[in-house]
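A.B. asks: To be precise about what I am sending: the file is called run16.csv and holds CSV, C-alpha atoms and all ligand atoms.
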chain,number,residue,atom,x,y,z
A,1,MET,CA,-70.1,37.5,-53.3
A,2,THR,CA,-71.3,37.6,-56.8
A,3,MET,CA,-69.1,35.9,-59.3
A,4,PRO,CA,-68.2,37.0,-62.8
A,5,HIS,CA,-70.0,35.0,-65.5
A,6,GLU,CA,-72.1,33.3,-62.9
A,7,VAL,CA,-74.5,30.8,-64.3
A,8,ARG,CA,-77.7,30.4,-62.3
A,9,PRO,CA,-79.8,27.3,-62.8
A,10,ARG,CA,-83.3,28.4,-64.0
A,11,ARG,CA,-86.6,27.0,-65.0
A,12,SER,CA,-87.4,27.4,-68.7
A,13,GLY,CA,-90.1,29.9,-69.8
A,14,ALA,CA,-92.1,32.7,-68.1
A,15,LEU,CA,-94.3,30.4,-66.1
A,16,GLY,CA,-91.3,28.6,-64.6
A,17,ALA,CA,-89.7,32.0,-63.7
A,18,THR,CA,-93.0,33.2,-62.1
A,19,MET,CA,-93.3,29.9,-60.1
A,20,HIS,CA,-89.7,30.3,-59.0
A,21,ARG,CA,-90.2,33.9,-57.9
A,22,THR,CA,-93.5,33.0,-56.1
A,23,ALA,CA,-91.9,30.1,-54.3
A,24,GLY,CA,-88.9,32.3,-53.3
A,25,ALA,CA,-91.3,35.0,-51.9
A,26,VAL,CA,-93.3,32.5,-49.9
A,27,ASP,CA,-90.1,30.9,-48.6
A,28,ARG,CA,-88.8,34.4,-47.5
A,29,ARG,CA,-92.1,35.3,-46.0
A,30,PHE,CA,-92.2,32.1,-44.0
A,31,ARG,CA,-88.7,32.7,-42.7
A,32,ARG,CA,-89.5,36.2,-41.7
A,33,LEU,CA,-92.6,35.0,-39.8
A,34,GLU,CA,-90.6,32.2,-38.2
A,35,ARG,CA,-87.9,34.7,-37.0
A,36,THR,CA,-90.6,37.1,-35.7
A,37,ALA,CA,-92.3,34.4,-33.8
A,38,HIS,CA,-89.1,33.1,-32.4
A,39,ARG,CA,-88.0,36.7,-31.4
A,40,ARG,CA,-91.2,37.2,-29.5
A,41,LEU,CA,-91.9,33.8,-28.0
A,42,LEU,CA,-88.4,32.9,-26.9
A,43,ALA,CA,-87.0,36.2,-25.8
A,44,VAL,CA,-87.2,35.2,-22.1
A,45,GLY,CA,-84.7,33.6,-19.8
A,46,GLY,CA,-81.6,35.1,-21.3
A,47,ARG,CA,-79.9,31.7,-21.9
A,48,VAL,CA,-78.2,32.7,-25.1
A,49,GLU,CA,-77.2,36.2,-26.1
A,50,CYS,CA,-76.2,37.7,-29.4
A,51,PRO,CA,-73.1,39.9,-29.0
A,52,VAL,CA,-73.8,41.6,-32.3
A,53,CYS,CA,-77.2,43.1,-31.4
A,54,GLY,CA,-77.8,42.3,-27.8
A,55,TRP,CA,-80.8,40.0,-28.3
A,56,SER,CA,-81.1,37.3,-25.6
A,57,GLY,CA,-83.5,34.4,-25.3
A,58,VAL,CA,-83.9,30.7,-24.8
A,59,SER,CA,-82.2,29.8,-28.0
A,60,PHE,CA,-81.4,31.3,-31.4
A,61,ALA,CA,-83.5,30.4,-34.4
A,62,ALA,CA,-82.7,27.4,-36.7
A,63,SER,CA,-80.8,27.8,-39.9
A,64,HIS,CA,-82.4,26.5,-43.1
A,65,LYS,CA,-79.5,25.2,-45.2
A,66,PRO,CA,-78.4,23.1,-43.5
A,67,ARG,CA,-81.2,22.8,-40.9
A,68,ARG,CA,-79.6,23.3,-37.6
A,69,SER,CA,-81.2,24.5,-34.3
A,70,ASN,CA,-79.9,27.4,-32.1
A,71,ARG,CA,-77.9,29.1,-34.9
A,72,ILE,CA,-79.4,32.3,-36.4
A,73,CYS,CA,-80.1,35.4,-34.3
A,74,PRO,CA,-83.8,36.2,-34.7
A,75,ARG,CA,-83.2,39.9,-34.5
A,76,CYS,CA,-80.0,40.6,-36.6
A,77,SER,CA,-79.6,37.2,-38.4
A,78,SER,CA,-76.1,36.8,-37.2
A,79,SER,CA,-74.6,33.3,-37.5
A,80,GLU,CA,-71.9,31.8,-35.4
A,81,ARG,CA,-69.1,33.4,-37.5
A,82,ASP,CA,-70.6,36.9,-37.1
A,83,ARG,CA,-70.8,36.4,-33.3
A,84,ALA,CA,-67.3,35.0,-33.1
A,85,LEU,CA,-66.0,37.9,-35.1
A,86,GLU,CA,-67.8,40.4,-32.9
A,87,LEU,CA,-66.2,39.0,-29.8
A,88,TRP,CA,-62.8,39.1,-31.5
A,89,LEU,CA,-63.1,42.6,-32.8
A,90,VAL,CA,-64.4,44.1,-29.5
A,91,ASP,CA,-61.4,42.6,-27.7
A,92,ARG,CA,-58.9,44.0,-30.2
A,93,PRO,CA,-57.3,47.4,-29.4
A,94,VAL,CA,-58.4,50.0,-31.9
A,95,PRO,CA,-55.4,51.9,-33.3
A,96,PRO,CA,-55.7,55.7,-33.9
A,97,GLY,CA,-57.3,56.2,-37.3
A,98,GLY,CA,-58.2,52.5,-37.5
A,99,ARG,CA,-59.8,51.2,-40.7
A,100,VAL,CA,-61.7,48.0,-41.4
A,101,LEU,CA,-62.1,46.5,-44.8
A,102,GLU,CA,-65.0,44.0,-45.2
A,103,VAL,CA,-65.0,41.9,-48.3
A,104,ALA,CA,-68.5,40.9,-49.6
A,105,PRO,CA,-70.5,42.7,-46.9
A,106,LEU,CA,-73.6,41.3,-45.3
A,107,GLY,CA,-74.5,44.3,-43.3
A,108,LEU,CA,-73.6,43.3,-39.7
A,109,LEU,CA,-70.1,44.5,-39.3
A,110,ALA,CA,-70.4,48.2,-40.2
A,111,SER,CA,-72.2,49.4,-37.0
A,112,THR,CA,-69.9,47.4,-34.7
A,113,ALA,CA,-66.7,48.7,-36.4
A,114,ARG,CA,-67.9,52.3,-36.5
A,115,GLY,CA,-69.1,52.0,-32.8
A,116,LEU,CA,-65.6,51.0,-31.9
A,117,GLY,CA,-64.1,54.0,-33.7
A,118,TYR,CA,-63.0,52.3,-36.9
A,119,GLU,CA,-63.7,53.7,-40.4
A,120,HIS,CA,-65.5,50.8,-42.1
A,121,VAL,CA,-65.2,50.3,-45.9
A,122,SER,CA,-66.7,47.4,-47.8
A,123,VAL,CA,-65.9,46.0,-51.2
A,124,ASP,CA,-67.6,43.5,-53.6
A,125,LEU,CA,-67.4,42.6,-57.2
A,126,SER,CA,-71.0,43.7,-57.8
A,127,SER,CA,-73.1,43.9,-54.7
A,128,ALA,CA,-75.2,47.0,-54.1
A,129,ARG,CA,-74.4,46.7,-50.4
A,130,ALA,CA,-70.7,47.5,-50.9
A,131,ASP,CA,-69.2,50.9,-50.6
A,132,VAL,CA,-66.7,50.2,-53.4
A,133,LEU,CA,-66.9,47.8,-56.3
A,134,GLY,CA,-63.7,45.9,-57.0
A,135,ASP,CA,-62.1,42.6,-57.7
A,136,LEU,CA,-60.5,40.8,-54.7
A,137,CYS,CA,-57.5,40.0,-56.8
A,138,ARG,CA,-56.9,43.6,-57.7
A,139,LEU,CA,-58.3,45.7,-54.9
A,140,PRO,CA,-58.7,49.4,-55.6
A,141,PHE,CA,-56.9,50.6,-52.5
A,142,PRO,CA,-53.2,51.5,-51.9
A,143,ALA,CA,-51.0,49.0,-50.0
A,144,GLU,CA,-51.2,49.1,-46.2
A,145,SER,CA,-54.6,50.8,-46.1
A,146,PHE,CA,-56.4,48.8,-43.4
A,147,ASP,CA,-55.9,47.5,-39.8
A,148,VAL,CA,-58.4,44.8,-40.1
A,149,VAL,CA,-59.6,42.9,-43.2
A,150,VAL,CA,-62.6,40.6,-42.9
A,151,CYS,CA,-63.1,38.0,-45.7
A,152,PHE,CA,-65.8,35.4,-44.9
A,153,HIS,CA,-66.8,32.6,-47.2
A,154,VAL,CA,-65.4,34.3,-50.3
A,155,LEU,CA,-62.2,32.5,-51.3
A,156,GLU,CA,-64.0,29.3,-52.2
A,157,HIS,CA,-65.7,31.3,-55.0
A,158,VAL,CA,-62.5,32.9,-56.4
A,159,PRO,CA,-60.6,30.9,-59.1
A,160,ALA,CA,-57.3,32.6,-58.2
A,161,ASP,CA,-57.7,32.4,-54.4
A,162,LEU,CA,-53.9,32.7,-53.8
A,163,GLU,CA,-53.9,36.0,-55.7
A,164,ALA,CA,-56.7,37.1,-53.5
A,165,VAL,CA,-54.8,36.1,-50.4
A,166,GLY,CA,-51.9,38.1,-51.6
A,167,GLU,CA,-54.1,41.2,-52.1
A,168,ILE,CA,-55.5,40.7,-48.5
A,169,ALA,CA,-51.9,40.7,-47.2
A,170,ARG,CA,-51.1,43.8,-49.3
A,171,MET,CA,-54.0,45.7,-47.7
A,172,LEU,CA,-52.7,45.2,-44.1
A,173,ARG,CA,-50.9,48.0,-42.3
A,174,PRO,CA,-48.1,47.1,-39.9
A,175,GLY,CA,-49.8,45.4,-36.9
A,176,GLY,CA,-52.9,44.8,-39.0
A,177,GLN,CA,-54.8,41.5,-39.1
A,178,ALA,CA,-57.0,39.7,-41.6
A,179,VAL,CA,-59.8,37.4,-40.4
A,180,ILE,CA,-60.6,34.8,-43.0
A,181,SER,CA,-63.2,32.0,-42.9
A,182,VAL,CA,-63.9,29.4,-45.6
A,183,PRO,CA,-65.9,26.2,-45.6
A,184,TRP,CA,-63.6,23.3,-45.4
A,185,GLY,CA,-63.7,19.5,-45.0
A,186,PRO,CA,-61.6,18.2,-42.1
A,187,ALA,CA,-62.1,14.7,-43.4
A,188,GLN,CA,-60.4,15.7,-46.7
A,189,ALA,CA,-56.6,15.8,-46.8
A,190,VAL,CA,-56.1,17.8,-49.9
A,191,THR,CA,-58.0,20.8,-51.4
A,192,GLU,CA,-60.0,19.7,-54.4
A,193,GLU,CA,-60.7,22.3,-57.1
A,194,ASP,CA,-62.0,22.4,-60.6
A,195,LEU,CA,-62.1,25.7,-62.4
A,196,GLU,CA,-63.6,24.2,-65.5
A,197,ALA,CA,-66.6,22.5,-63.9
A,198,GLY,CA,-70.1,23.7,-64.9
A,199,PRO,CA,-72.7,24.8,-62.3
A,200,GLU,CA,-74.3,21.4,-61.9
A,201,GLU,CA,-71.0,19.7,-61.3
A,202,ARG,CA,-70.0,22.4,-58.9
A,203,GLN,CA,-73.2,21.9,-57.0
A,204,ARG,CA,-72.6,18.2,-56.8
A,205,ARG,CA,-68.9,18.3,-55.9
A,206,PHE,CA,-68.5,21.6,-54.0
A,207,GLY,CA,-72.0,22.1,-52.6
A,208,GLN,CA,-72.9,25.3,-54.4
A,209,THR,CA,-73.1,26.2,-58.1
A,210,ASP,CA,-70.6,29.1,-57.6
A,211,HIS,CA,-68.0,27.3,-55.5
A,212,VAL,CA,-64.9,26.3,-57.4
A,213,ARG,CA,-63.2,24.2,-54.7
A,214,ASN,CA,-63.5,22.3,-51.4
A,215,TYR,CA,-60.7,23.2,-49.0
A,216,GLY,CA,-59.2,20.3,-47.1
A,217,ARG,CA,-56.8,20.0,-44.2
A,218,ASP,CA,-54.1,21.6,-46.3
A,219,VAL,CA,-55.9,24.9,-46.3
A,220,THR,CA,-53.5,26.7,-44.0
A,221,ASP,CA,-50.4,25.5,-46.0
A,222,ARG,CA,-52.2,26.6,-49.1
A,223,PHE,CA,-52.7,30.1,-47.8
A,224,ARG,CA,-49.1,30.2,-46.6
A,225,SER,CA,-47.9,29.2,-50.1
A,226,GLY,CA,-49.6,32.4,-51.3
A,227,GLY,CA,-47.4,34.4,-49.0
A,228,LEU,CA,-49.8,34.9,-46.1
A,229,LEU,CA,-48.4,34.8,-42.6
A,230,VAL,CA,-51.4,33.0,-41.2
A,231,ASP,CA,-52.4,31.1,-38.1
A,232,GLU,CA,-55.4,28.6,-38.0
A,233,VAL,CA,-57.2,29.5,-34.9
A,234,PRO,CA,-60.1,27.1,-33.7
A,235,TRP,CA,-62.6,29.1,-31.7
A,236,ARG,CA,-62.4,26.5,-28.9
A,237,THR,CA,-58.9,28.0,-28.3
A,238,MET,CA,-60.3,31.6,-28.3
A,239,TYR,CA,-63.4,31.2,-26.2
A,240,GLY,CA,-64.2,29.3,-23.0
A,241,SER,CA,-67.0,26.7,-22.9
A,242,GLU,CA,-69.5,29.0,-21.2
A,243,GLU,CA,-68.9,31.8,-23.7
A,244,PHE,CA,-69.2,29.2,-26.5
A,245,ARG,CA,-72.6,28.1,-25.2
A,246,HIS,CA,-73.9,31.6,-24.3
A,247,HIS,CA,-73.2,32.9,-27.8
A,248,ALA,CA,-74.0,29.6,-29.6
A,249,LEU,CA,-70.7,29.4,-31.4
A,250,ASP,CA,-71.3,25.8,-32.5
A,251,GLY,CA,-72.1,25.6,-36.2
A,252,ASP,CA,-70.6,24.8,-39.6
A,253,ASP,CA,-67.8,27.2,-39.0
A,254,ASP,CA,-65.5,26.5,-36.1
A,255,ARG,CA,-62.3,28.5,-36.7
A,256,PHE,CA,-60.7,31.6,-38.3
A,257,TRP,CA,-57.5,31.9,-40.3
A,258,ILE,CA,-55.9,35.1,-38.8
A,259,ALA,CA,-53.3,36.6,-41.0
A,260,THR,CA,-50.8,39.3,-40.2
A,261,ALA,CA,-49.0,41.8,-42.3
A,262,ARG,CA,-45.8,40.6,-43.9
A,301,ZN,ZN,-78.3,39.5,-33.1
Translate this structure into structure tokens?
Ligand SMILES: [Zn+2]
C.D. replies:
Amino acid sequence: MTMPHEVRPRRSGALGATMHRTAGAVDRRFRRLERTAHRRLLAVGGRVECPVCGWSGVSFAASHKPRRSNRICPRCSSSERDRALELWLVDRPVPPGGRVLEVAPLGLLASTARGLGYEHVSVDLSSARADVLGDLCRLPFPAESFDVVVCFHVLEHVPADLEAVGEIARMLRPGGQAVISVPWGPAQAVTEEDLEAGPEERQRRFGQTDHVRNYGRDVTDRFRSGGLLVDEVPWRTMYGSEEFRHHALDGDDDRFWIATAR
């Protein structure tokens, strides 16, 4: 999700910018090579399987930030939350004329949703990947437009996150559900936010230059205070241990907040 007035840290001068671009290109090339090698060398045995694209192998590739093994699908780049969503969506009955709204799309959900018979629409503040440009706090759709809304790792960027939660609820048709994920700290009792902090302070306190808060254990109550009818659903209660291992659902994310229409 691209934020308004986002301030990116940058090196000064043309040489710095060139070095930065070159380092980024080398890094991306290295990651592509690593994924390709992983895809070819470890695609035997079928010990893990990606439910998004069907790739199977000995293990998934490692993630880079943070470095964690058996996490990223070497074919489609799904992470644990994409795979958990896939399993959830495939199990869910598709209503006639079903519509899915994806906030801040990353490119994995559209083909699954369409394959199941949903119309898939994506929205973002500024991303070229999105079908529609719009602000999550004032979505450009009529009320009760969607059966499923997917909003992954967006709310921690949004200053008025409870307004956004209200908009997500407004989008849901009767019987509709929103699947939300945010990074949160189980060791932290209360959500900490600072809308005035500059990029360096955000990086230090919230882990990214464009995060405005760290959600704590009060995250579900916080969403409810925004009017959302929401359940916090740990994946361990959704999937058995064999399914967990087979789809490598261990990672930084471990649960969804699933909201229903008011
Ligand atoms: Zn995959």
A.B. asks: Given all atoms listed in the file as the basis, pick out the residue of A:Met171, A:Val212, A:Leu139, A:Ala84 nearest to Arg236 of chain A.
C.D. replies: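 Looking only at the distances to Arg236 of chain A, the closest residue turns out to be A:Ala84.
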A.B. asks: Show me which residues sit within 12 Å of ligand ZN 301 (chain A) when counting all atoms listed in the file, and put them as a PyMOL selection string.
C.D. replies: chain A and resi 35+39+43+48-57+59-61+71-84+86+107-109+112+247-248
A.B. asks: Give as a list of chain:residue names the set of residues within 6 Å of the point (-48.8, 51.6, -41.4), where distances use the file's coordinates and only C-alpha atoms.
C.D. replies: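 Here the neighbourhood of the point contains A:Glu144, A:Arg173, A:Pro174.
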A.B. asks: Between atom CA of Gly198 of chain A and atom CA of Val154 of chain A, what is the distance, to one decimal in Å?
C.D. replies: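 Taking atom CA of Gly198 of chain A as the start and atom CA of Val154 of chain A as the end point, the length is 18.6 Å.
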A.B. asks: Give the answer as one residue: which of A:Asp194, A:Asp250, A:Glu156, A:Glu163 has the shortest atom-to-atom distance to Val219 of chain A, using all atoms listed in the file?
C.D. replies: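 Closest candidate: A:Glu156.
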A.B. asks: Figure out the distance between atom CA of Val182 of chain A and atom CA of Arg92 of chain A, please, to one decimal in Å.
C.D. replies: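 Taking atom CA of Arg92 of chain A and atom CA of Val182 of chain A, their separation equals 21.8 Å.
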A.B. asks: Go through A:Val233, A:Ala261, A:Ala110, A:Cys151 and flag the residue nearest Asp124 of chain A, using all atoms listed in the file for the distances.
C.D. replies: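 Going through A:Val233, A:Ala261, A:Ala110, A:Cys151 one by one, the smallest distance to Asp124 of chain A is for A:Cys151.
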A.B. asks: Find the residues near Gly117 of chain A: any atom within 10 Å, counting all atoms listed in the file, skip ones fewer than 2 places away on the same chain, and give them as a ChimeraX atom specification.
C.D. replies: /A:94-99,111-115,119-120
A.B. asks: From the list A:Val179, A:Leu172, A:Val165, A:Val132, which residue is nearest Gly227 of chain A when using only C-alpha atoms?
C.D. replies: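 Using only C-alpha atoms, the shortest distance to Gly227 of chain A belongs to A:Val165.
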A.B. asks: Would you mind telling me which residue in A:Leu33, A:Val90, A:Ala164, A:Val150 lies nearest to Gly176 of chain A when using only C-alpha atoms?
C.D. replies: A:Val150
A.B. asks: For Leu133 of chain A, find every residue with an atom within 7 Å (counting only C-alpha atoms), except residues of its own chain fewer than 2 positions away, and show them as an MDAnalysis selection string.
C.D. replies: chainID A and resid 123:126 130:131
A.B. asks: Skipping near chain neighbours, those fewer than 3 positions away, what residues fall within 7 Å of Trp235 of chain A using all atoms listed in the file, listed as a PyMOL selection string?
C.D. replies: chain A and resi 238-239+254-255
A.B. asks: Quick one, how far is atom CA of Pro140 of chain A from atom CA of Leu229 of chain A?
C.D. replies: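 Atom CA of Leu229 of chain A lies at a distance of 22.1 Å from atom CA of Pro140 of chain A.
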A.B. asks: Between A:Cys137, A:Leu101, A:Leu87, A:Ile180, which residue has the minimum interatomic distance to Thr260 of chain A, considering all atoms listed in the file?
C.D. replies: A:Ile180
A.B. asks: Just add N, CA and C atoms to segment 88-119 of chain A and send it as a short mmCIF file (atom, residue, chain, number, x, y, z; two decimals), keeping the file's coordinate frame.
C.D. replies:
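Result file is result.cif:
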data_model
loop_
_atom_site.label_atom_id
_atom_site.label_comp_id
_atom_site.auth_asym_id
_atom_site.auth_seq_id
_atom_site.Cartn_x
_atom_site.Cartn_y
_atom_site.Cartn_z
N TRP A 88 -64.19 38.84 -31.16
CA TRP A 88 -62.80 39.10 -31.50
C TRP A 88 -62.49 40.57 -31.66
N LEU A 89 -63.37 41.23 -32.42
CA LEU A 89 -63.10 42.60 -32.80
C LEU A 89 -63.24 43.55 -31.54
N VAL A 90 -64.21 43.24 -30.70
CA VAL A 90 -64.40 44.10 -29.50
C VAL A 90 -63.23 43.98 -28.56
N ASP A 91 -62.58 42.82 -28.54
CA ASP A 91 -61.40 42.60 -27.70
C ASP A 91 -60.14 43.26 -28.21
N ARG A 92 -60.14 43.54 -29.52
CA ARG A 92 -58.90 44.00 -30.20
C ARG A 92 -58.71 45.50 -29.92
N PRO A 93 -57.49 45.93 -29.51
CA PRO A 93 -57.30 47.40 -29.40
C PRO A 93 -57.46 48.10 -30.69
N VAL A 94 -58.12 49.25 -30.64
CA VAL A 94 -58.40 50.00 -31.90
C VAL A 94 -57.25 51.02 -32.05
N PRO A 95 -56.48 50.91 -33.14
CA PRO A 95 -55.40 51.90 -33.30
C PRO A 95 -55.97 53.24 -33.74
N PRO A 96 -55.23 54.33 -33.50
CA PRO A 96 -55.70 55.70 -33.90
C PRO A 96 -55.91 55.64 -35.45
N GLY A 97 -57.03 56.18 -35.90
CA GLY A 97 -57.30 56.20 -37.30
C GLY A 97 -57.57 54.83 -37.90
N GLY A 98 -58.01 53.88 -37.05
CA GLY A 98 -58.20 52.50 -37.50
C GLY A 98 -59.19 52.35 -38.62
N ARG A 99 -58.88 51.45 -39.55
CA ARG A 99 -59.80 51.20 -40.70
C ARG A 99 -60.02 49.73 -40.86
N VAL A 100 -61.28 49.38 -41.12
CA VAL A 100 -61.70 48.00 -41.40
C VAL A 100 -62.14 47.86 -42.82
N LEU A 101 -61.65 46.86 -43.51
CA LEU A 101 -62.10 46.50 -44.80
C LEU A 101 -62.93 45.22 -44.74
N GLU A 102 -64.19 45.26 -45.18
CA GLU A 102 -65.00 44.00 -45.20
C GLU A 102 -65.23 43.64 -46.66
N VAL A 103 -64.85 42.41 -46.98
CA VAL A 103 -65.00 41.90 -48.30
C VAL A 103 -66.39 41.19 -48.39
N ALA A 104 -67.18 41.49 -49.42
CA ALA A 104 -68.50 40.90 -49.60
C ALA A 104 -69.39 41.11 -48.35
N PRO A 105 -69.76 42.37 -48.11
CA PRO A 105 -70.50 42.70 -46.90
C PRO A 105 -71.86 42.13 -46.78
N LEU A 106 -72.25 41.75 -45.57
CA LEU A 106 -73.60 41.30 -45.30
C LEU A 106 -74.40 42.20 -44.44
N GLY A 107 -73.77 43.25 -43.95
CA GLY A 107 -74.50 44.30 -43.30
C GLY A 107 -74.42 44.29 -41.75
N LEU A 108 -73.70 43.33 -41.15
CA LEU A 108 -73.60 43.30 -39.70
C LEU A 108 -72.41 43.98 -39.11
N LEU A 109 -71.33 44.03 -39.86
CA LEU A 109 -70.10 44.50 -39.30
C LEU A 109 -69.95 45.99 -39.19
N ALA A 110 -70.60 46.72 -40.10
CA ALA A 110 -70.40 48.20 -40.20
C ALA A 110 -70.65 48.88 -38.87
N SER A 111 -71.79 48.58 -38.24
CA SER A 111 -72.20 49.40 -37.00
C SER A 111 -71.23 49.02 -35.88
N THR A 112 -70.83 47.75 -35.77
CA THR A 112 -69.90 47.40 -34.70
C THR A 112 -68.55 48.13 -34.93
N ALA A 113 -68.03 48.05 -36.16
CA ALA A 113 -66.70 48.70 -36.40
C ALA A 113 -66.78 50.17 -36.18
N ARG A 114 -67.85 50.81 -36.65
CA ARG A 114 -67.90 52.30 -36.50
C ARG A 114 -68.13 52.60 -34.98
N GLY A 115 -68.90 51.75 -34.28
CA GLY A 115 -69.10 52.00 -32.80
C GLY A 115 -67.80 51.88 -32.06
N LEU A 116 -66.87 51.09 -32.56
CA LEU A 116 -65.60 51.00 -31.90
C LEU A 116 -64.61 52.08 -32.28
N GLY A 117 -64.98 52.85 -33.29
CA GLY A 117 -64.10 54.00 -33.70
C GLY A 117 -63.37 53.70 -35.01
N TYR A 118 -63.63 52.56 -35.66
CA TYR A 118 -63.00 52.30 -36.90
C TYR A 118 -63.75 53.03 -38.06
N GLU A 119 -63.04 53.35 -39.12
CA GLU A 119 -63.70 53.70 -40.40
C GLU A 119 -63.96 52.32 -41.06
#
